[in-house]
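Data block for data-v4.cif (mmCIF, C-alpha atoms):
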data_final
loop_
_atom_site.label_atom_id
_atom_site.label_comp_id
_atom_site.auth_asym_id
_atom_site.auth_seq_id
_atom_site.Cartn_x
_atom_site.Cartn_y
_atom_site.Cartn_z
CA MET Q 26 6.55 -20.49 14.96
CA LYS Q 27 8.79 -18.84 12.37
CA ILE Q 28 10.69 -20.59 9.62
CA PHE Q 29 13.52 -18.68 7.95
CA ILE Q 30 15.03 -19.24 4.52
CA ARG Q 31 18.55 -17.96 3.95
CA SER Q 32 21.67 -18.69 1.89
CA ILE Q 33 23.76 -21.74 2.74
CA GLN Q 34 26.79 -20.94 4.92
CA LYS Q 35 29.92 -22.95 5.67
CA ASP Q 36 28.82 -23.53 9.24
CA ASP Q 37 25.78 -25.40 7.85
CA LEU Q 38 27.78 -28.13 6.11
CA THR Q 39 27.89 -30.71 8.91
CA ASP Q 40 24.16 -30.47 9.57
CA LEU Q 41 23.39 -30.44 5.86
CA LYS Q 42 25.28 -33.68 5.22
CA LEU Q 43 23.40 -35.38 8.05
CA LEU Q 44 20.04 -34.09 6.85
CA GLU Q 45 20.77 -35.06 3.25
CA LYS Q 46 21.52 -38.63 4.34
CA LYS Q 47 18.37 -38.68 6.48
CA VAL Q 48 16.20 -37.36 3.65
CA TYR Q 49 17.43 -39.80 1.01
CA GLY Q 50 17.63 -42.83 3.30
CA SER Q 51 18.45 -46.02 1.38
CA ASN Q 52 18.71 -43.96 -1.82
CA PHE Q 53 21.65 -41.98 -0.41
CA SER Q 54 24.99 -42.59 -2.10
CA SER Q 55 27.14 -39.50 -1.51
CA SER Q 56 26.61 -35.96 -0.30
CA GLN Q 57 26.47 -33.04 -2.71
CA PHE Q 58 28.10 -31.01 0.07
CA ASP Q 59 31.27 -33.14 0.44
CA LEU Q 60 33.24 -31.04 -2.05
CA ALA Q 61 31.87 -27.69 -0.92
CA ASN Q 62 35.18 -26.04 -0.09
CA LYS Q 63 34.58 -22.68 -1.75
CA ILE Q 64 31.90 -20.05 -1.34
CA ASP Q 65 30.74 -20.72 -4.93
CA ASP Q 66 30.06 -24.35 -3.97
CA LEU Q 67 27.57 -23.21 -1.32
CA PHE Q 68 25.11 -21.67 -3.77
CA GLY Q 69 21.67 -22.51 -2.42
CA TYR Q 70 19.34 -22.08 0.53
CA VAL Q 71 18.37 -23.66 3.82
CA ALA Q 72 15.07 -23.56 5.69
CA ILE Q 73 15.54 -23.12 9.43
CA GLN Q 74 13.08 -23.72 12.24
CA LYS Q 75 13.64 -20.81 14.60
CA GLY Q 76 14.65 -21.97 18.05
CA VAL Q 77 13.22 -20.89 21.39
CA PRO Q 78 16.11 -19.70 23.62
CA PHE Q 79 14.27 -19.76 26.95
CA LEU Q 80 13.26 -23.38 26.28
CA LYS Q 81 16.83 -24.15 25.17
CA ILE Q 82 15.60 -25.16 21.72
CA LYS Q 83 18.23 -24.37 19.08
CA ASN Q 84 17.74 -23.33 15.48
CA LYS Q 85 17.35 -26.39 13.27
CA ILE Q 86 17.89 -26.86 9.54
CA ILE Q 87 14.79 -28.61 8.21
CA GLY Q 88 15.27 -28.28 4.45
CA PHE Q 89 17.82 -27.43 1.78
CA ILE Q 90 18.24 -26.77 -1.91
CA LYS Q 91 21.67 -26.71 -3.56
CA LEU Q 92 22.05 -24.92 -6.88
CA VAL Q 93 24.58 -24.64 -9.69
CA HIS Q 94 24.62 -21.72 -12.12
CA VAL Q 95 26.08 -22.26 -15.61
CA ILE Q 96 25.94 -19.46 -18.20
CA ASP Q 97 22.20 -18.65 -18.33
CA GLU Q 98 20.79 -21.72 -16.56
CA THR Q 99 20.38 -22.63 -12.90
CA HIS Q 100 20.42 -26.33 -12.05
CA VAL Q 101 18.92 -27.81 -8.88
CA ASN Q 102 21.66 -30.10 -7.67
CA SER Q 103 20.16 -31.42 -4.42
CA PHE Q 104 16.82 -30.76 -2.74
CA GLY Q 105 15.17 -32.18 0.38
CA VAL Q 106 13.04 -31.57 3.46
CA ASP Q 107 13.11 -33.33 6.84
CA GLN Q 108 10.25 -35.84 6.84
CA PHE Q 109 8.82 -34.33 10.07
CA PHE Q 110 8.36 -30.98 8.31
CA ARG Q 111 6.79 -32.15 5.07
CA GLY Q 112 3.29 -31.06 4.22
CA ILE Q 113 3.77 -27.43 5.32
CA SER Q 114 5.21 -26.10 2.04
CA VAL Q 115 8.85 -25.90 3.14
CA GLY Q 116 10.03 -27.37 -0.16
CA GLU Q 117 7.79 -25.12 -2.22
CA LYS Q 118 9.11 -22.01 -0.49
CA LEU Q 119 12.71 -23.12 -1.00
CA LEU Q 120 11.95 -23.62 -4.69
CA ILE Q 121 10.34 -20.17 -5.01
CA VAL Q 122 13.30 -18.42 -3.39
CA SER Q 123 15.70 -20.36 -5.63
CA ILE Q 124 13.88 -19.39 -8.81
CA MET Q 125 13.86 -15.76 -7.66
CA LYS Q 126 17.63 -15.95 -7.16
CA ALA Q 127 18.08 -17.59 -10.56
CA ILE Q 128 16.24 -14.67 -12.17
CA GLU Q 129 18.32 -12.16 -10.18
CA ILE Q 130 21.64 -13.59 -11.42
CA GLY Q 131 20.52 -13.65 -15.03
CA SER Q 132 19.31 -17.20 -15.63
CA ASN Q 133 16.84 -17.75 -18.42
CA SER Q 134 15.90 -21.26 -17.30
CA CYS Q 135 15.94 -23.59 -14.32
CA THR Q 136 16.34 -27.36 -14.61
CA LEU Q 137 16.51 -30.45 -12.38
CA GLU Q 138 16.28 -34.23 -12.28
CA VAL Q 139 13.56 -36.09 -10.43
CA ARG Q 140 12.84 -39.77 -9.92
CA GLU Q 141 10.22 -41.25 -12.23
CA SER Q 142 8.42 -42.59 -9.15
CA ASN Q 143 8.40 -39.28 -7.21
CA PHE Q 144 5.00 -37.97 -8.30
CA ASN Q 145 4.67 -35.51 -5.40
CA ALA Q 146 7.85 -33.71 -6.46
CA GLN Q 147 6.81 -33.78 -10.12
CA ASN Q 148 3.49 -32.17 -9.22
CA LEU Q 149 5.29 -29.40 -7.33
CA TYR Q 150 7.60 -28.69 -10.26
CA SER Q 151 4.70 -28.74 -12.71
CA LYS Q 152 2.95 -26.13 -10.57
CA TYR Q 153 5.91 -23.82 -11.25
CA ARG Q 154 5.74 -24.62 -14.97
CA PHE Q 155 8.58 -27.11 -15.17
CA LEU Q 156 8.03 -29.38 -18.18
CA LYS Q 157 9.45 -32.85 -18.84
CA THR Q 158 12.21 -32.32 -21.38
CA GLY Q 159 14.12 -35.59 -21.28
CA ILE Q 160 15.08 -38.72 -19.38
CA ARG Q 161 18.33 -40.01 -17.90
CA LYS Q 162 18.38 -43.81 -17.95
CA ASN Q 163 19.60 -45.56 -14.77
CA TYR Q 164 20.50 -42.16 -13.32
CA TYR Q 165 20.30 -43.02 -9.62
CA SER Q 166 23.17 -45.19 -8.44
CA VAL Q 167 21.35 -47.01 -5.63
CA ASN Q 168 18.55 -48.72 -7.56
CA ARG Q 169 19.29 -47.56 -11.13
CA GLU Q 170 15.97 -45.73 -11.39
CA ASN Q 171 15.50 -43.38 -14.32
CA ALA Q 172 15.40 -39.64 -13.80
CA LEU Q 173 13.09 -37.25 -15.58
CA ILE Q 174 14.65 -33.97 -16.66
CA MET Q 175 12.28 -31.10 -15.93
CA THR Q 176 12.92 -27.53 -17.06
CA VAL Q 177 11.17 -24.18 -16.87
CA GLN Q 178 12.12 -21.69 -19.59
CA LYS Q 179 11.92 -17.90 -19.80
CA ILE Q 180 11.88 -17.37 -16.05
CA ASN Q 181 13.18 -13.83 -16.67
CA SER Q 182 10.08 -12.89 -18.66
CA VAL Q 183 7.56 -10.36 -17.33
CA GLU Q 184 4.80 -12.96 -17.54
CA TYR Q 185 6.66 -15.48 -15.37
CA SER Q 186 7.74 -12.83 -12.87
CA GLU Q 187 4.11 -11.82 -12.42
CA PHE Q 188 3.13 -15.46 -11.92
CA LEU Q 189 5.89 -15.87 -9.31
CA SER Q 190 4.81 -12.71 -7.47
CA VAL Q 191 1.32 -14.14 -7.06
CA GLN Q 192 2.74 -17.37 -5.64
CA ILE Q 193 4.93 -15.43 -3.19
CA GLN Q 194 1.89 -13.61 -1.87
CA LYS Q 195 -0.05 -16.86 -1.53
CA MET Q 196 2.84 -18.40 0.39
CA CYS Q 197 3.00 -15.38 2.75
CA LEU Q 198 6.76 -15.08 2.29
CA ARG Q 199 8.30 -11.97 3.86
CA TYR Q 200 11.72 -10.59 2.96
CA ILE Q 201 14.09 -9.11 5.55
CA PRO Q 202 16.65 -6.96 3.67
CA LYS Q 203 18.84 -6.41 6.74
CA ILE Q 204 19.76 -10.12 6.94
CA ASP Q 205 18.92 -11.04 3.32
CA SER Q 206 16.50 -13.73 4.44
CA TYR Q 207 12.87 -14.72 4.03
CA TYR Q 208 10.53 -15.94 6.70
CA TYR Q 209 6.98 -17.14 7.20
CA LYS Q 210 4.90 -18.17 10.15
CA ILE Q 211 3.42 -21.60 10.71
CA SER Q 212 1.21 -22.84 13.50
CA SER Q 213 3.13 -24.95 16.04
CA VAL Q 214 -0.02 -27.05 16.42
CA ARG Q 215 0.00 -27.80 12.70
CA ILE Q 216 3.64 -28.92 12.84
CA PHE Q 217 2.85 -31.14 15.83
CA LEU Q 218 -0.08 -32.74 13.96
CA MET Q 219 2.06 -33.30 10.87
CA ARG Q 220 4.63 -35.08 13.01
CA ILE Q 221 1.97 -37.34 14.50
CA ILE Q 222 0.67 -38.17 11.01
CA SER Q 223 4.21 -38.87 9.79
CA LEU Q 224 4.91 -41.23 12.70
CA PHE Q 225 1.58 -42.99 12.16
CA GLN Q 226 2.41 -43.55 8.48
CA GLN Q 227 5.79 -45.03 9.40
CA PHE Q 228 4.18 -47.62 11.64
CA THR Q 229 1.36 -48.51 9.25
CA PHE Q 230 3.28 -48.96 6.01
#
Could you render the structure from this file as structure tokens?
Amino acid sequence: MKIFIRSIQKDDLTDLKLLEKKVYGSNFSSSQFDLANKIDDLFGYVAIQKGVPFLKIKNKIIGFIKLVHVIDETHVNSFGVDQFFRGISVGEKLLIVSIMKAIEIGSNSCTLEVRESNFNAQNLYSKYRFLKTGIRKNYYSVNRENALIMTVQKINSVEYSEFLSVQIQKMCLRYIPKIDSYYYKISSVRIFLMRIISLFQQFTF
């Protein structure tokens, strides 16, 4: 099975709002895509599970990352992956592509907020050299949880670019210039097993 990563398009907005609400669950307050009326507001990427036409299976958005670029910094505004597709590095690949784009447009740093309780996300960001640089008290409107500010500096340096290149190779990401998209292959059996595990965890916790 192939999973593609491409830029957000206007036709994605309806599906993105639904997925964002699904991802955040009870923590959802409002969509970051509600005010996306201009092309500039759609800065970011989606991960798409490639459909199978002869089985009448359509393409499906399974992850997203929305970005904002200000002067020389790129900010991760919203980021999530469908729970049935977690554990297969969808989020990590979206993050890699986003950092690559940030470098391309001249950013020197990339920053984001993450819940204090979300250790899995913090570990992912730490892997890409994001450091804790601050805290926003009562940042999340639903339960007033604090947010950690995490930032990676000097992403446009030669040293960081070399580090990122190694990660891209490890992730087996392939670029398709003709459609300006990335893709990678994942075993359908692995996805099926991850879904079974996810369902089992829902019923046991």
Could you tell me which residues the PyMOL selection byres ((chain Q and resi 210) around 8) grabs in this file, written as a PyMOL selection string?
chain Q and resi 26-28+208-209+211-212
Please identify all polymer residues lying at most 6 Å from the point (16.3, -32.7, -15.2) (file coordinates), using all atoms listed in the file, and present the result as a count of residues only.
6
Reference answer for the PyMOL selection byres ((chain Q and resi 122) around 12), as a PyMOL selection string
chain Q and resi 29-32+69-72+89-92+115-121+123-129+189-190+192-193+196+198-200+205-208
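Against the coordinates shown, the PyMOL selection byres ((chain Q and resi 48) around 8) returns Leu44, Glu45, Lys46, Lys47, Tyr49, Gly50, Gly105, Val106, Asp107 and Gln108 of chain Q.
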Give the centre and edge lengths of an axis-aligned box, in Å to one decimal, that holds all listed atoms of range 143-149 of chain Q with 4 Å on each side, as AutoDock Vina command-line options.
--center_x 5.9 --center_y -34.3 --center_z -7.8 --size_x 12.9 --size_y 17.9 --size_z 12.7
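Every residue within 10 Å of the file position (13.3, -15.9, -20.9), judged by all atoms listed in the file, is given as Q:Asp97, Q:Ile128, Q:Gly131, Q:Ser132, Q:Asn133, Q:Ser134, Q:Val177, Q:Gln178, Q:Lys179, Q:Ile180, Q:Asn181, Q:Ser182, Q:Val183, Q:Glu184, Q:Tyr185.
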Q:Gly112, Q:Ile130, Q:Arg169, Q:Ile160: which is nearest Ala146 in chain Q, counting all atoms listed in the file?
Q:Gly112
How would range 95-123 of chain Q look with N, CA and C atoms restored, written as a PDB file, in the coordinates of the input?
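Okay, this is what ended up in part30.pdb:
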ATOM      1  N   VAL Q  95      25.186 -22.127 -14.451  1.00  0.00           N
ATOM      2  CA  VAL Q  95      26.080 -22.260 -15.610  1.00  0.00           C
ATOM      3  C   VAL Q  95      25.533 -21.403 -16.750  1.00  0.00           C
ATOM      4  N   ILE Q  96      26.298 -20.392 -17.127  1.00  0.00           N
ATOM      5  CA  ILE Q  96      25.940 -19.460 -18.200  1.00  0.00           C
ATOM      6  C   ILE Q  96      24.586 -18.810 -17.909  1.00  0.00           C
ATOM      7  N   ASP Q  97      23.515 -19.272 -18.553  1.00  0.00           N
ATOM      8  CA  ASP Q  97      22.200 -18.650 -18.330  1.00  0.00           C
ATOM      9  C   ASP Q  97      21.185 -19.655 -17.786  1.00  0.00           C
ATOM     10  N   GLU Q  98      21.688 -20.704 -17.116  1.00  0.00           N
ATOM     11  CA  GLU Q  98      20.790 -21.720 -16.560  1.00  0.00           C
ATOM     12  C   GLU Q  98      21.176 -22.043 -15.116  1.00  0.00           C
ATOM     13  N   THR Q  99      20.169 -22.199 -14.282  1.00  0.00           N
ATOM     14  CA  THR Q  99      20.380 -22.630 -12.900  1.00  0.00           C
ATOM     15  C   THR Q  99      19.890 -24.066 -12.772  1.00  0.00           C
ATOM     16  N   HIS Q 100      20.745 -24.911 -12.190  1.00  0.00           N
ATOM     17  CA  HIS Q 100      20.420 -26.330 -12.050  1.00  0.00           C
ATOM     18  C   HIS Q 100      20.245 -26.664 -10.570  1.00  0.00           C
ATOM     19  N   VAL Q 101      19.140 -27.346 -10.243  1.00  0.00           N
ATOM     20  CA  VAL Q 101      18.920 -27.810  -8.880  1.00  0.00           C
ATOM     21  C   VAL Q 101      19.696 -29.094  -8.685  1.00  0.00           C
ATOM     22  N   ASN Q 102      20.716 -29.017  -7.844  1.00  0.00           N
ATOM     23  CA  ASN Q 102      21.660 -30.100  -7.670  1.00  0.00           C
ATOM     24  C   ASN Q 102      21.229 -31.095  -6.596  1.00  0.00           C
ATOM     25  N   SER Q 103      20.613 -30.590  -5.541  1.00  0.00           N
ATOM     26  CA  SER Q 103      20.160 -31.420  -4.420  1.00  0.00           C
ATOM     27  C   SER Q 103      19.048 -30.672  -3.691  1.00  0.00           C
ATOM     28  N   PHE Q 104      18.016 -31.419  -3.248  1.00  0.00           N
ATOM     29  CA  PHE Q 104      16.820 -30.760  -2.740  1.00  0.00           C
ATOM     30  C   PHE Q 104      16.117 -31.722  -1.787  1.00  0.00           C
ATOM     31  N   GLY Q 105      15.851 -31.283  -0.556  1.00  0.00           N
ATOM     32  CA  GLY Q 105      15.170 -32.180   0.380  1.00  0.00           C
ATOM     33  C   GLY Q 105      14.639 -31.459   1.602  1.00  0.00           C
ATOM     34  N   VAL Q 106      13.656 -32.104   2.250  1.00  0.00           N
ATOM     35  CA  VAL Q 106      13.040 -31.570   3.460  1.00  0.00           C
ATOM     36  C   VAL Q 106      12.938 -32.691   4.492  1.00  0.00           C
ATOM     37  N   ASP Q 107      13.259 -32.377   5.736  1.00  0.00           N
ATOM     38  CA  ASP Q 107      13.110 -33.330   6.840  1.00  0.00           C
ATOM     39  C   ASP Q 107      11.690 -33.881   6.828  1.00  0.00           C
ATOM     40  N   GLN Q 108      11.573 -35.203   6.946  1.00  0.00           N
ATOM     41  CA  GLN Q 108      10.250 -35.840   6.840  1.00  0.00           C
ATOM     42  C   GLN Q 108       9.252 -35.305   7.873  1.00  0.00           C
ATOM     43  N   PHE Q 109       9.713 -34.850   9.033  1.00  0.00           N
ATOM     44  CA  PHE Q 109       8.820 -34.330  10.070  1.00  0.00           C
ATOM     45  C   PHE Q 109       8.262 -32.950   9.731  1.00  0.00           C
ATOM     46  N   PHE Q 110       8.817 -32.317   8.684  1.00  0.00           N
ATOM     47  CA  PHE Q 110       8.360 -30.980   8.310  1.00  0.00           C
ATOM     48  C   PHE Q 110       7.779 -30.942   6.900  1.00  0.00           C
ATOM     49  N   ARG Q 111       7.436 -32.102   6.385  1.00  0.00           N
ATOM     50  CA  ARG Q 111       6.790 -32.150   5.070  1.00  0.00           C
ATOM     51  C   ARG Q 111       5.300 -31.880   5.233  1.00  0.00           C
ATOM     52  N   GLY Q 112       4.716 -31.356   4.174  1.00  0.00           N
ATOM     53  CA  GLY Q 112       3.290 -31.060   4.220  1.00  0.00           C
ATOM     54  C   GLY Q 112       2.964 -29.648   4.670  1.00  0.00           C
ATOM     55  N   ILE Q 113       3.996 -28.823   4.915  1.00  0.00           N
ATOM     56  CA  ILE Q 113       3.770 -27.430   5.320  1.00  0.00           C
ATOM     57  C   ILE Q 113       4.476 -26.460   4.363  1.00  0.00           C
ATOM     58  N   SER Q 114       4.697 -26.933   3.142  1.00  0.00           N
ATOM     59  CA  SER Q 114       5.210 -26.100   2.040  1.00  0.00           C
ATOM     60  C   SER Q 114       6.638 -25.610   2.202  1.00  0.00           C
ATOM     61  N   VAL Q 115       7.448 -26.295   3.002  1.00  0.00           N
ATOM     62  CA  VAL Q 115       8.850 -25.900   3.140  1.00  0.00           C
ATOM     63  C   VAL Q 115       9.569 -26.016   1.807  1.00  0.00           C
ATOM     64  N   GLY Q 116       9.381 -27.147   1.127  1.00  0.00           N
ATOM     65  CA  GLY Q 116      10.030 -27.370  -0.160  1.00  0.00           C
ATOM     66  C   GLY Q 116       9.594 -26.375  -1.212  1.00  0.00           C
ATOM     67  N   GLU Q 117       8.307 -26.070  -1.235  1.00  0.00           N
ATOM     68  CA  GLU Q 117       7.790 -25.120  -2.220  1.00  0.00           C
ATOM     69  C   GLU Q 117       8.399 -23.734  -2.009  1.00  0.00           C
ATOM     70  N   LYS Q 118       8.533 -23.335  -0.764  1.00  0.00           N
ATOM     71  CA  LYS Q 118       9.110 -22.010  -0.490  1.00  0.00           C
ATOM     72  C   LYS Q 118      10.595 -21.976  -0.842  1.00  0.00           C
ATOM     73  N   LEU Q 119      11.312 -23.054  -0.594  1.00  0.00           N
ATOM     74  CA  LEU Q 119      12.710 -23.120  -1.000  1.00  0.00           C
ATOM     75  C   LEU Q 119      12.832 -23.013  -2.520  1.00  0.00           C
ATOM     76  N   LEU Q 120      11.924 -23.671  -3.229  1.00  0.00           N
ATOM     77  CA  LEU Q 120      11.950 -23.620  -4.690  1.00  0.00           C
ATOM     78  C   LEU Q 120      11.663 -22.207  -5.192  1.00  0.00           C
ATOM     79  N   ILE Q 121      10.681 -21.540  -4.610  1.00  0.00           N
ATOM     80  CA  ILE Q 121      10.340 -20.170  -5.010  1.00  0.00           C
ATOM     81  C   ILE Q 121      11.538 -19.236  -4.843  1.00  0.00           C
ATOM     82  N   VAL Q 122      12.159 -19.293  -3.662  1.00  0.00           N
ATOM     83  CA  VAL Q 122      13.300 -18.420  -3.390  1.00  0.00           C
ATOM     84  C   VAL Q 122      14.446 -18.706  -4.362  1.00  0.00           C
ATOM     85  N   SER Q 123      14.635 -19.971  -4.702  1.00  0.00           N
ATOM     86  CA  SER Q 123      15.700 -20.360  -5.630  1.00  0.00           C
ATOM     87  C   SER Q 123      15.447 -19.827  -7.035  1.00  0.00           C
TER      88      SER Q 123
END
